[in-house]
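Shown below: structure-v9.cif, with mmCIF, C-alpha atoms.
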data_final
#
loop_
_atom_site.label_atom_id
_atom_site.label_comp_id
_atom_site.auth_asym_id
_atom_site.auth_seq_id
_atom_site.Cartn_x
_atom_site.Cartn_y
_atom_site.Cartn_z
CA MET A 1 65.76 3.30 25.64
CA SER A 2 64.70 3.13 22.00
CA LYS A 3 66.57 4.98 19.29
CA LEU A 4 63.62 7.36 18.76
CA ALA A 5 63.49 8.15 22.47
CA ARG A 6 67.26 8.94 22.45
CA ILE A 7 66.89 11.23 19.40
CA ILE A 8 63.95 13.13 20.92
CA GLY A 9 65.93 13.50 24.17
CA ASN A 10 68.78 15.10 22.22
CA ILE A 11 66.33 17.44 20.43
CA GLN A 12 64.86 18.52 23.77
CA ALA A 13 68.35 19.14 25.16
CA ALA A 14 69.29 21.23 22.12
CA LEU A 15 66.10 23.30 22.40
CA ALA A 16 66.64 23.76 26.14
CA SER A 17 69.92 25.60 25.43
CA GLY A 18 67.86 28.52 24.23
CA ASN A 19 69.69 29.26 21.00
CA VAL A 20 69.85 26.52 18.36
CA THR A 21 72.34 27.42 15.65
CA ARG A 22 72.92 25.35 12.58
CA THR A 23 75.74 22.91 13.14
CA ALA A 24 76.71 19.50 11.79
CA ALA A 25 75.24 17.98 14.98
CA VAL A 26 71.89 19.75 14.44
CA ASP A 27 71.82 18.64 10.78
CA GLY A 28 72.53 15.05 11.78
CA LEU A 29 69.85 15.20 14.48
CA ALA A 30 67.29 16.44 11.96
CA ARG A 31 68.17 13.65 9.49
CA GLU A 32 67.97 10.95 12.16
CA TYR A 33 64.65 12.32 13.46
CA ALA A 34 63.11 12.41 9.95
CA ILE A 35 64.33 8.84 9.24
CA GLU A 36 62.86 7.53 12.50
CA CYS A 37 59.56 9.35 11.83
CA ARG A 38 59.30 7.76 8.39
CA ARG A 39 60.07 4.34 9.87
CA VAL A 40 57.26 4.77 12.47
CA TYR A 41 54.78 5.99 9.88
CA GLU A 42 55.67 3.13 7.52
CA ARG A 43 54.86 0.67 10.32
CA LEU A 44 51.63 2.56 10.91
CA ASP A 45 50.70 2.31 7.23
CA ARG A 46 51.49 -1.42 7.23
CA CYS A 47 49.30 -1.98 10.30
CA GLU A 48 46.50 0.02 8.68
CA GLU A 49 46.78 -2.13 5.56
CA PHE A 50 46.37 -5.29 7.66
CA LEU A 51 43.32 -3.77 9.38
CA SER A 52 41.72 -2.89 6.04
CA LYS A 53 41.90 -6.58 5.15
CA GLY A 54 40.38 -7.65 8.46
CA LEU A 55 43.70 -9.08 9.72
CA ILE A 56 43.44 -7.78 13.29
CA SER A 57 45.82 -10.29 14.85
CA GLU A 58 48.54 -9.59 12.27
CA SER A 59 48.12 -5.84 12.69
CA VAL A 60 48.37 -6.01 16.48
CA PHE A 61 51.39 -8.35 16.30
CA LEU A 62 53.25 -5.93 14.03
CA ALA A 63 52.30 -2.94 16.22
CA ARG A 64 53.47 -4.68 19.42
CA THR A 65 56.83 -5.70 17.99
CA VAL A 66 59.55 -3.91 19.98
CA PRO A 67 59.60 -0.95 20.00
CA ASP A 68 55.81 -0.75 20.55
CA LEU A 69 54.18 1.35 17.80
CA LEU A 70 51.75 3.21 20.07
CA ASP A 71 54.59 4.05 22.48
CA GLU A 72 56.59 5.54 19.60
CA LEU A 73 53.57 7.51 18.34
CA THR A 74 53.21 8.91 21.84
CA LEU A 75 56.89 9.89 21.89
CA LEU A 76 56.44 11.78 18.62
CA GLU A 77 53.95 14.10 20.31
CA PHE A 78 56.63 15.55 22.67
CA PRO A 79 55.90 19.08 24.03
CA GLU A 80 58.66 20.85 22.12
CA LYS A 81 57.66 19.38 18.74
CA SER A 82 56.38 22.66 17.24
CA SER A 83 59.57 24.48 18.30
CA TRP A 84 61.73 21.83 16.63
CA GLU A 85 59.65 22.03 13.43
CA GLU A 86 60.31 25.80 13.37
CA VAL A 87 64.06 25.14 13.58
CA VAL A 88 63.89 22.53 10.81
CA GLU A 89 61.90 24.90 8.59
CA LEU A 90 64.24 27.82 9.34
CA TYR A 91 67.38 25.92 8.27
CA GLN A 92 65.59 24.00 5.48
CA LEU A 93 66.46 20.66 7.04
CA PRO A 94 64.61 17.35 6.28
CA MET A 95 60.99 17.74 7.43
CA PRO A 96 59.35 14.62 8.97
CA PRO A 97 56.00 13.45 7.49
CA GLU A 98 52.69 14.51 9.06
CA ILE A 99 51.25 12.02 11.54
CA GLN A 100 47.85 10.60 10.52
CA LEU A 101 45.96 10.45 13.78
CA HIS A 102 42.99 8.47 12.43
CA LYS A 103 45.36 5.57 11.70
CA ALA A 104 46.71 5.69 15.24
CA VAL A 105 43.12 5.64 16.57
CA SER A 106 42.38 2.57 14.41
CA ILE A 107 45.42 0.73 15.81
CA ASN A 108 44.43 1.63 19.35
CA ARG A 109 40.92 0.25 18.70
CA ALA A 110 42.48 -2.89 17.21
CA TYR A 111 44.35 -3.46 20.49
CA SER A 112 40.97 -3.56 22.30
CA ASP A 113 39.38 -5.78 19.65
CA HIS A 114 42.35 -8.15 19.81
CA HIS A 115 42.08 -8.35 23.58
CA LEU A 116 38.36 -9.11 23.26
CA GLN A 117 39.10 -11.67 20.55
CA GLN A 118 41.58 -13.45 22.81
CA ASP A 119 38.99 -13.51 25.58
CA LEU A 120 36.36 -14.89 23.20
CA LEU A 121 38.78 -17.55 21.96
CA GLY A 122 39.29 -18.68 25.54
CA ARG A 123 35.54 -18.87 26.08
CA TRP A 124 35.13 -20.64 22.72
CA ARG A 125 37.53 -23.39 23.83
CA LEU A 126 35.74 -23.78 27.15
CA VAL A 127 32.21 -24.03 25.68
CA ASN A 128 33.38 -26.64 23.19
CA ILE A 129 35.25 -28.68 25.76
CA GLY A 130 32.27 -28.53 28.09
CA HIS A 131 29.73 -29.22 25.31
CA ALA A 132 27.78 -26.06 26.18
CA PRO A 133 24.33 -25.51 24.61
CA LEU A 134 24.48 -24.91 20.88
CA ALA A 135 22.93 -21.43 21.10
CA ARG A 136 25.67 -20.28 23.49
CA ARG A 137 28.48 -21.67 21.31
CA LEU A 138 26.95 -20.08 18.24
CA GLY A 139 26.68 -16.71 20.00
CA ILE A 140 30.41 -16.69 20.84
CA LEU A 141 31.37 -17.80 17.33
CA ARG A 142 29.27 -15.00 15.81
CA GLN A 143 31.16 -12.45 17.91
CA LEU A 144 34.48 -13.91 16.75
CA CYS A 145 33.35 -13.66 13.12
CA ARG A 146 32.40 -10.02 13.58
CA LEU A 147 35.84 -9.25 15.03
CA ASP A 148 37.71 -11.29 12.41
CA PRO A 149 35.44 -11.49 9.33
CA ASN A 150 38.14 -12.91 7.05
CA ASN A 151 38.99 -15.91 9.21
CA ILE A 152 38.03 -18.90 7.03
CA ALA A 153 38.06 -21.33 9.96
CA TYR A 154 35.53 -19.22 11.87
CA LEU A 155 33.27 -18.91 8.82
CA ASP A 156 33.32 -22.66 8.11
CA ASN A 157 32.47 -23.47 11.72
CA LEU A 158 29.75 -20.83 11.66
CA GLY A 159 28.03 -22.38 8.63
CA ASP A 160 28.08 -25.86 10.20
CA LEU A 161 26.79 -24.61 13.54
CA GLU A 162 23.99 -22.62 11.89
CA VAL A 163 22.71 -25.75 10.14
CA GLU A 164 22.91 -27.67 13.41
CA ARG A 165 21.21 -24.82 15.28
CA LEU A 166 18.35 -24.70 12.79
CA SER A 167 17.64 -28.42 13.30
CA ASP A 168 17.86 -27.92 17.05
CA MET A 169 15.40 -25.00 16.82
CA LEU A 170 12.92 -27.17 14.91
CA ALA A 171 13.06 -29.89 17.57
CA THR A 172 12.61 -27.27 20.31
CA ALA A 173 9.67 -25.74 18.41
CA ARG A 174 7.93 -29.12 18.16
CA GLU A 175 8.37 -29.74 21.86
CA ALA A 176 7.19 -26.22 22.79
CA SER A 177 4.14 -26.62 20.54
CA SER A 178 3.18 -29.93 22.17
CA LYS A 179 3.52 -28.34 25.64
CA GLY A 180 1.66 -25.17 24.67
CA ASP A 181 4.68 -22.94 25.36
CA PRO A 182 4.17 -19.73 23.31
CA PHE A 183 7.06 -17.90 25.03
CA THR A 184 9.70 -20.36 23.75
CA LEU A 185 8.18 -20.32 20.26
CA ARG A 186 8.18 -16.52 20.21
CA LYS A 187 11.88 -16.43 21.17
CA LEU A 188 12.72 -19.00 18.47
CA ILE A 189 10.97 -16.95 15.78
CA GLU A 190 12.72 -13.76 16.96
CA GLU A 191 16.05 -15.56 16.57
CA LEU A 192 15.00 -16.90 13.19
CA ASP A 193 13.88 -13.49 11.90
CA ASN A 194 17.01 -11.63 13.01
CA SER A 195 19.17 -11.56 9.88
CA ALA A 196 22.24 -10.69 11.97
CA ASN A 197 22.11 -14.23 13.39
CA TRP A 198 22.69 -15.95 10.06
CA SER A 199 25.57 -15.89 7.62
CA GLN A 200 23.28 -17.56 5.06
CA THR A 201 19.51 -17.59 4.62
CA PRO A 202 18.06 -20.38 6.83
CA ASP A 203 16.49 -23.38 5.06
CA ARG A 204 13.04 -22.21 3.94
CA GLY A 205 11.30 -25.49 4.71
CA ILE A 206 12.56 -25.66 8.29
CA ALA A 207 12.01 -21.93 8.85
CA SER A 208 8.43 -22.22 7.54
CA GLU A 209 7.71 -25.17 9.84
CA ILE A 210 9.00 -23.28 12.89
CA ARG A 211 6.87 -20.25 11.98
CA ASN A 212 3.83 -22.48 11.52
CA PHE A 213 4.32 -23.85 15.03
CA GLY A 214 4.55 -20.25 16.29
CA GLN A 215 1.41 -19.21 14.40
CA SER A 216 -0.51 -22.22 15.70
CA SER A 217 0.62 -21.41 19.23
CA ARG A 218 -0.49 -17.78 18.89
CA GLU A 219 -3.88 -18.89 17.59
CA GLN A 220 -4.33 -21.32 20.48
CA ALA A 221 -3.39 -18.64 23.02
CA ALA A 222 -5.74 -16.15 21.33
CA ARG A 223 -8.58 -18.72 21.37
CA LYS A 224 -8.14 -19.18 25.11
CA GLU A 225 -8.33 -15.42 25.58
CA ALA A 226 -11.43 -15.29 23.35
CA GLN A 227 -13.05 -17.99 25.51
CA ALA A 228 -12.26 -15.96 28.63
CA PHE A 229 -13.94 -12.91 27.04
CA LEU A 230 -16.92 -15.10 26.10
CA ARG A 231 -17.42 -16.12 29.72
CA GLN A 232 -17.42 -12.46 30.73
CA ILE A 233 -19.86 -11.64 27.91
CA LEU A 234 -22.31 -14.30 29.07
CA ASP A 235 -22.07 -13.01 32.65
CA ALA A 236 -22.70 -9.42 31.49
CA PHE A 237 -25.65 -10.62 29.39
CA ARG A 238 -27.11 -12.53 32.31
CA HIS A 239 -27.01 -9.38 34.46
CA ARG A 240 -28.09 -7.14 31.54
CA GLU A 241 -25.00 -4.94 31.89
CA GLU A 242 -25.10 -3.12 28.59
CA SER A 243 -22.00 -0.90 29.01
CA ARG A 244 -19.87 -3.83 30.15
CA LEU A 245 -21.12 -5.98 27.28
CA GLN A 246 -20.46 -3.19 24.80
CA SER A 247 -16.84 -2.98 26.04
CA LEU A 248 -16.24 -6.74 25.98
CA TRP A 249 -17.71 -7.48 22.54
CA PRO A 250 -15.00 -5.83 20.33
CA GLN A 251 -12.25 -7.41 22.45
CA PHE A 252 -13.87 -10.81 21.96
CA LEU A 253 -14.03 -10.24 18.18
CA ASP A 254 -10.37 -9.13 18.04
CA LYS A 255 -9.22 -12.29 19.78
CA CYS A 256 -11.42 -14.43 17.52
CA SER A 257 -9.81 -12.78 14.50
CA GLU A 258 -6.33 -13.32 15.95
CA ALA A 259 -7.19 -16.98 16.59
CA ALA A 260 -8.62 -17.37 13.06
CA VAL A 261 -11.93 -18.63 14.50
CA PRO A 262 -14.24 -19.61 11.59
CA PRO A 263 -17.70 -17.92 11.37
CA GLY A 264 -19.59 -21.12 12.23
CA ASP A 265 -17.62 -21.82 15.41
CA ASP A 266 -19.55 -22.73 18.58
CA MET A 267 -18.23 -19.63 20.34
CA PHE A 268 -20.16 -17.38 17.96
CA ARG A 269 -23.29 -19.53 18.36
CA VAL A 270 -23.10 -19.28 22.17
CA ALA A 271 -22.50 -15.53 21.99
CA GLN A 272 -25.33 -14.88 19.49
CA PRO A 273 -28.13 -14.16 22.06
CA ALA A 274 -25.91 -11.63 23.83
CA LYS A 275 -25.08 -10.02 20.50
CA ILE A 276 -28.77 -9.75 19.52
CA TRP A 277 -29.70 -8.27 22.90
CA LEU A 278 -26.84 -5.75 22.68
CA GLU A 279 -27.87 -4.70 19.15
CA GLU A 280 -31.52 -4.30 20.21
CA SER A 281 -30.46 -2.38 23.29
CA GLN A 282 -28.36 -0.06 21.16
CA VAL A 283 -31.28 0.45 18.77
CA ARG A 284 -33.50 1.35 21.73
CA LYS A 285 -30.84 3.69 23.02
CA GLU A 286 -30.49 5.41 19.65
CA ARG A 287 -34.26 5.71 19.39
CA ARG A 288 -34.39 7.23 22.87
CA ASN A 289 -31.67 9.71 21.97
CA ARG A 290 -33.52 10.74 18.78
CA ARG A 291 -36.76 11.10 20.79
CA GLU A 292 -35.05 13.30 23.38
CA GLN A 293 -33.52 15.46 20.64
CA ALA A 294 -36.92 15.88 18.95
CA HIS A 295 -38.53 16.74 22.30
CA GLU A 296 -35.83 19.30 23.05
CA GLN A 297 -36.36 20.97 19.66
CA ILE A 298 -40.09 21.29 20.26
CA TRP A 299 -39.64 22.54 23.84
CA SER A 300 -37.12 25.12 22.59
CA ALA A 301 -39.63 26.30 19.98
CA LEU A 302 -42.37 26.54 22.61
CA ARG A 303 -40.17 28.59 24.93
CA ASP A 304 -39.49 31.07 22.12
CA GLU A 305 -42.44 33.49 21.89
CA ALA A 306 -41.38 34.40 18.35
CA THR A 307 -42.15 30.90 17.08
CA THR A 308 -45.01 31.01 14.58
CA GLU A 309 -47.95 28.69 14.29
CA GLU A 310 -46.63 27.44 10.97
CA GLU A 311 -43.30 26.44 12.54
CA LEU A 312 -45.04 24.59 15.39
CA LEU A 313 -47.24 22.75 12.92
CA LYS A 314 -44.11 21.67 10.99
CA TYR A 315 -42.55 20.29 14.19
CA SER A 316 -45.77 18.49 15.06
CA ASP A 317 -46.13 17.07 11.56
CA PHE A 318 -42.48 15.93 11.43
CA TYR A 319 -42.81 14.16 14.78
CA GLU A 320 -46.02 12.45 13.68
CA ARG A 321 -44.46 11.23 10.43
CA ASN A 322 -41.42 9.80 12.34
CA LYS A 323 -43.41 8.43 15.23
CA GLU A 324 -42.06 4.94 14.50
CA ASN A 325 -38.53 6.17 15.29
CA PHE A 326 -39.41 8.59 18.08
CA GLY A 327 -42.19 6.75 19.90
CA THR A 328 -45.18 8.44 21.57
CA MET A 329 -44.67 12.11 22.40
CA ASP A 330 -44.28 12.96 26.06
CA PRO A 331 -47.77 13.82 27.45
CA GLY A 332 -46.59 17.06 29.02
CA LEU A 333 -44.98 18.16 25.77
CA ALA A 334 -48.05 17.15 23.73
CA GLN A 335 -50.33 19.15 26.04
CA ALA A 336 -48.05 22.22 25.91
CA LEU A 337 -47.95 21.99 22.09
CA ASP A 338 -51.75 21.64 21.85
CA THR A 339 -52.24 24.56 24.23
CA ARG A 340 -49.96 26.78 22.18
CA LEU A 341 -51.67 25.81 18.93
CA GLU A 342 -55.11 26.44 20.50
CA ARG A 343 -53.96 29.93 21.46
CA PHE A 344 -53.07 30.55 17.85
CA GLN A 345 -56.49 29.21 16.78
CA ARG A 346 -58.36 31.43 19.29
CA LYS A 347 -56.45 34.43 18.03
CA ASP A 348 -57.43 33.53 14.48
CA GLN A 349 -61.10 33.10 15.48
CA ALA A 350 -61.13 36.43 17.33
CA ARG A 351 -59.58 38.10 14.33
CA GLU A 352 -62.23 36.59 12.04
CA THR A 353 -65.05 37.66 14.40
CA LEU A 354 -63.68 41.18 14.56
CA ILE A 355 -63.42 41.35 10.80
CA MET A 356 -67.00 40.07 10.38
CA GLY A 357 -68.30 42.59 12.98
CA VAL A 358 -66.60 45.48 11.28
CA ALA A 359 -67.92 44.30 7.94
CA PHE A 360 -71.45 44.05 9.39
CA VAL A 361 -71.30 47.58 10.85
CA LEU A 362 -69.94 48.99 7.65
CA GLY A 363 -72.69 47.21 5.71
CA ALA A 364 -75.34 48.53 8.04
CA LEU A 365 -74.01 52.06 7.76
CA ALA A 366 -74.02 51.72 4.00
CA ILE A 367 -77.69 50.62 4.02
CA VAL A 368 -78.71 53.45 6.37
CA SER A 369 -76.86 55.94 4.22
CA PHE A 370 -78.57 54.58 1.11
CA LEU A 371 -82.04 54.77 2.67
CA ALA A 372 -81.39 58.30 3.87
CA PHE A 373 -80.37 59.26 0.40
CA ILE A 374 -83.58 57.82 -1.12
CA ILE A 375 -85.79 59.61 1.44
CA MET A 376 -84.12 62.91 0.74
CA ARG A 377 -84.65 62.46 -2.97
CA SER A 378 -88.31 61.59 -2.57
CA ARG A 379 -89.08 64.85 -0.77
#
In structure tokens, how does this file's structure come out?
Amino acid sequence: MSKLARIIGNIQAALASGNVTRTAAVDGLAREYAIECRRVYERLDRCEEFLSKGLISESVFLARTVPDLLDELTLLEFPEKSSWEEVVELYQLPMPPEIQLHKAVSINRAYSDHHLQQDLLGRWRLVNIGHAPLARRLGILRQLCRLDPNNIAYLDNLGDLEVERLSDMLATAREASSKGDPFTLRKLIEELDNSANWSQTPDRGIASEIRNFGQSSREQAARKEAQAFLRQILDAFRHREESRLQSLWPQFLDKCSEAAVPPGDDMFRVAQPAKIWLEESQVRKERRNRREQAHEQIWSALRDEATTEEELLKYSDFYERNKENFGTMDPGLAQALDTRLERFQRKDQARETLIMGVAFVLGALAIVSFLAFIIMRSR
């Protein structure tokens, strides 16, 4: 049993008596308890100082020295602690320092990190003995550096392995490029672009060459996809499938752009007839839509009895002036428009005839009245 455990046992026994009076034994117990608490907290501060410097192994070693620091911190949280503090305060005895729980949590986490570090060290020895692939060795070493960032040996090995890994990546990129393997190149560039993978910026020349291999591979893959779209475009053109061709064309252009296909490339020359036909078809479609809209406007005007002759003439004149865009007017619509305009003309003629008749009658009446007046005067 540790000294702290014995002291806490005596405190619990004293509190269990039910009435703790101030005696020399109680005073001595309070002094011993305060001294032991300060000793534990001083160890805790020392461990925390090691952790702040990244010295995990040293911190864990100090904490595990008998008596174990975490065991003693656990002892200090005994159930009767608050009752004892009331006694100490009542008799104005030495008060132990406040425990800083965040430091205890840090030490506890360091135990786990140290255990992981020991496991990684074991794996590090195995991968080096077995000459494991460089990427695997580098991955383990990076984890060790994250756990122990102030370990000079780790950092030196990391720098050497990163240089070696970069050369290895370039060789792999060349091989993948010659085999047309875009997946491997994409993974290499992802590794290259992840800043967490490198303690120092990778050599720009080597990095640029690897990226160029990746870009070339992407362009080759995109060109193959563009060629596949071109075959579909030619098939759609052969069968005059306008909607299918209209869907395929922008996808073909996107892949050509991704592949950096120059404007004078044979793929564009082969696709040109399909493009022309599609554009002409779309022009015809737009013209048909405009014609249908113009027809619908005129039909709507004809169905409305309130439409005036002047309005119908404007529609007719507008259609005639844009005949090049609309095409020939539908015969049924043209006949209905002519019929409606003729009705307006007949109404106008009838009105003119009526006006002339009335004028003639009024003129005749005026003449008769004038003659009657002259005859009456002559008598």
Excluding segment 268-270 of chain A and its own-chain neighbours fewer than 2 positions away, which residues fall within 12 Å of it when counting all atoms listed in the file? Please give them as a compact mmCIF listing (two decimals) with C-alpha atoms, in the frame of the given file.
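Produced file around_28.txt, reproduced below:
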# COMPACT_ATOMS: atom_id res chain seq x y z
CA ALA A 226 -11.43 -15.29 23.35
CA GLN A 227 -13.05 -17.99 25.51
CA PHE A 229 -13.94 -12.91 27.04
CA LEU A 230 -16.92 -15.10 26.10
CA ARG A 231 -17.42 -16.12 29.72
CA ILE A 233 -19.86 -11.64 27.91
CA LEU A 234 -22.31 -14.30 29.07
CA PHE A 237 -25.65 -10.62 29.39
CA TRP A 249 -17.71 -7.48 22.54
CA PHE A 252 -13.87 -10.81 21.96
CA LEU A 253 -14.03 -10.24 18.18
CA CYS A 256 -11.42 -14.43 17.52
CA SER A 257 -9.81 -12.78 14.50
CA VAL A 261 -11.93 -18.63 14.50
CA PRO A 262 -14.24 -19.61 11.59
CA PRO A 263 -17.70 -17.92 11.37
CA GLY A 264 -19.59 -21.12 12.23
CA ASP A 265 -17.62 -21.82 15.41
CA ASP A 266 -19.55 -22.73 18.58
CA GLN A 272 -25.33 -14.88 19.49
CA PRO A 273 -28.13 -14.16 22.06
CA ALA A 274 -25.91 -11.63 23.83
CA LYS A 275 -25.08 -10.02 20.50
CA ILE A 276 -28.77 -9.75 19.52
Distance of atom CA of Arg287 of chain A from atom CA of Thr308 of chain A, expressed in Å to one decimal place: 27.9 Å
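Put simply, the PyMOL selection byres ((chain A and resi 95) around 9) on this file hits Ala30, Arg31, Tyr33, Ala34, Glu85, Val88, Glu89, Gln92, Leu93, Pro94, Pro96 and Pro97 of chain A.
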Please save C-alpha atoms of the selected residues as an mmCIF file, in the frame of the given file.
data_model
loop_
_atom_site.group_PDB
_atom_site.id
_atom_site.type_symbol
_atom_site.label_atom_id
_atom_site.label_comp_id
_atom_site.auth_asym_id
_atom_site.auth_seq_id
_atom_site.Cartn_x
_atom_site.Cartn_y
_atom_site.Cartn_z
ATOM 1 C CA ALA A 30 67.290 16.440 11.960
ATOM 2 C CA ARG A 31 68.170 13.650 9.490
ATOM 3 C CA TYR A 33 64.650 12.320 13.460
ATOM 4 C CA ALA A 34 63.110 12.410 9.950
ATOM 5 C CA GLU A 85 59.650 22.030 13.430
ATOM 6 C CA VAL A 88 63.890 22.530 10.810
ATOM 7 C CA GLU A 89 61.900 24.900 8.590
ATOM 8 C CA GLN A 92 65.590 24.000 5.480
ATOM 9 C CA LEU A 93 66.460 20.660 7.040
ATOM 10 C CA PRO A 94 64.610 17.350 6.280
ATOM 11 C CA PRO A 96 59.350 14.620 8.970
ATOM 12 C CA PRO A 97 56.000 13.450 7.490
#
Reference answer for the PyMOL selection byres ((chain A and resi 166) around 10), as an MDAnalysis selection string: chainID A and resid 161:165 167:172 188 192 202:203 206:207 210
Selection result of the PyMOL selection byres ((chain A and resi 83) around 12) on this file, as number ranges by chain: A: 11-12, 14-16, 18-20, 77-82, 84-90
For Leu337 of chain A: contacts at 9 Å, only C-alpha atoms, fewer than 5 positions along chain excluded, given as a ChimeraX atom specification: /A:298-299,302,312,316,332,342
Distance query segment 71-74 of chain A at most 8 Å, only C-alpha atoms, self and fewer than 5 positions along chain excluded, as JSON, numbers by chain: {"A": [4, 5, 40, 104]}
Radius query 6 Å about (-39.1, 14.3, 16.4), atoms used: all atoms listed in the file, as a count of residues only: 4
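With all atoms listed in the file as the atoms that count, the minimum distance from Glu36 of chain A to the choices A:Pro149, A:Pro182, A:Pro67, A:Gly327 is reached by A:Pro67.
Ranking A:Arg290, A:Arg303, A:Arg238, A:Lys224 by their shortest atom-to-atom distance to Met267 of chain A, with all atoms listed in the file included, puts A:Lys224 first.
Pairwise distance (atom CA of Tyr154 of chain A, atom CA of Leu141 of chain A) equals 7.0 Å.
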Complete segment 192-213 of chain A with N, CA and C atoms (output as a tab-separated table (two decimals), in the frame of the given file).
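Resulting contents of out.tsv:
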chain	number	residue	atom	x	y	z
A	192	LEU	N	15.07	-16.52	14.60
A	192	LEU	CA	15.00	-16.90	13.19
A	192	LEU	C	14.89	-15.67	12.29
A	193	ASP	N	14.13	-14.67	12.72
A	193	ASP	CA	13.88	-13.49	11.90
A	193	ASP	C	14.98	-12.44	11.96
A	194	ASN	N	15.91	-12.60	12.88
A	194	ASN	CA	17.01	-11.63	13.01
A	194	ASN	C	18.11	-12.00	12.02
A	195	SER	N	18.21	-11.24	10.94
A	195	SER	CA	19.17	-11.56	9.88
A	195	SER	C	20.61	-11.52	10.37
A	196	ALA	N	20.88	-10.77	11.44
A	196	ALA	CA	22.24	-10.69	11.97
A	196	ALA	C	22.70	-12.03	12.55
A	197	ASN	N	21.77	-12.93	12.80
A	197	ASN	CA	22.11	-14.23	13.39
A	197	ASN	C	22.59	-15.25	12.37
A	198	TRP	N	22.44	-14.93	11.07
A	198	TRP	CA	22.69	-15.95	10.06
A	198	TRP	C	23.63	-15.45	8.98
A	199	SER	N	24.65	-16.24	8.71
A	199	SER	CA	25.57	-15.89	7.62
A	199	SER	C	24.95	-16.22	6.27
A	200	GLN	N	24.02	-17.19	6.26
A	200	GLN	CA	23.28	-17.56	5.06
A	200	GLN	C	21.80	-17.66	5.40
A	201	THR	N	20.95	-17.50	4.40
A	201	THR	CA	19.51	-17.59	4.62
A	201	THR	C	19.15	-18.98	5.14
A	202	PRO	N	18.44	-19.08	6.28
A	202	PRO	CA	18.06	-20.38	6.83
A	202	PRO	C	17.20	-21.17	5.84
A	203	ASP	N	17.29	-22.50	5.91
A	203	ASP	CA	16.49	-23.38	5.06
A	203	ASP	C	15.01	-22.99	5.12
A	204	ARG	N	14.42	-22.73	3.97
A	204	ARG	CA	13.04	-22.21	3.94
A	204	ARG	C	12.04	-23.20	4.51
A	205	GLY	N	12.24	-24.49	4.22
A	205	GLY	CA	11.30	-25.49	4.71
A	205	GLY	C	11.28	-25.56	6.23
A	206	ILE	N	12.48	-25.60	6.83
A	206	ILE	CA	12.56	-25.66	8.29
A	206	ILE	C	12.05	-24.37	8.91
A	207	ALA	N	12.45	-23.22	8.32
A	207	ALA	CA	12.01	-21.93	8.85
A	207	ALA	C	10.49	-21.82	8.79
A	208	SER	N	9.89	-22.28	7.69
A	208	SER	CA	8.43	-22.22	7.54
A	208	SER	C	7.75	-23.09	8.59
A	209	GLU	N	8.32	-24.27	8.84
A	209	GLU	CA	7.71	-25.17	9.84
A	209	GLU	C	7.76	-24.56	11.24
A	210	ILE	N	8.88	-23.93	11.57
A	210	ILE	CA	9.00	-23.28	12.89
A	210	ILE	C	7.98	-22.15	13.01
A	211	ARG	N	7.83	-21.35	11.94
A	211	ARG	CA	6.87	-20.25	11.98
A	211	ARG	C	5.44	-20.77	12.09
A	212	ASN	N	5.17	-21.89	11.43
A	212	ASN	CA	3.83	-22.48	11.52
A	212	ASN	C	3.52	-22.91	12.95
A	213	PHE	N	4.51	-23.49	13.62
A	213	PHE	CA	4.32	-23.85	15.03
A	213	PHE	C	4.02	-22.59	15.86
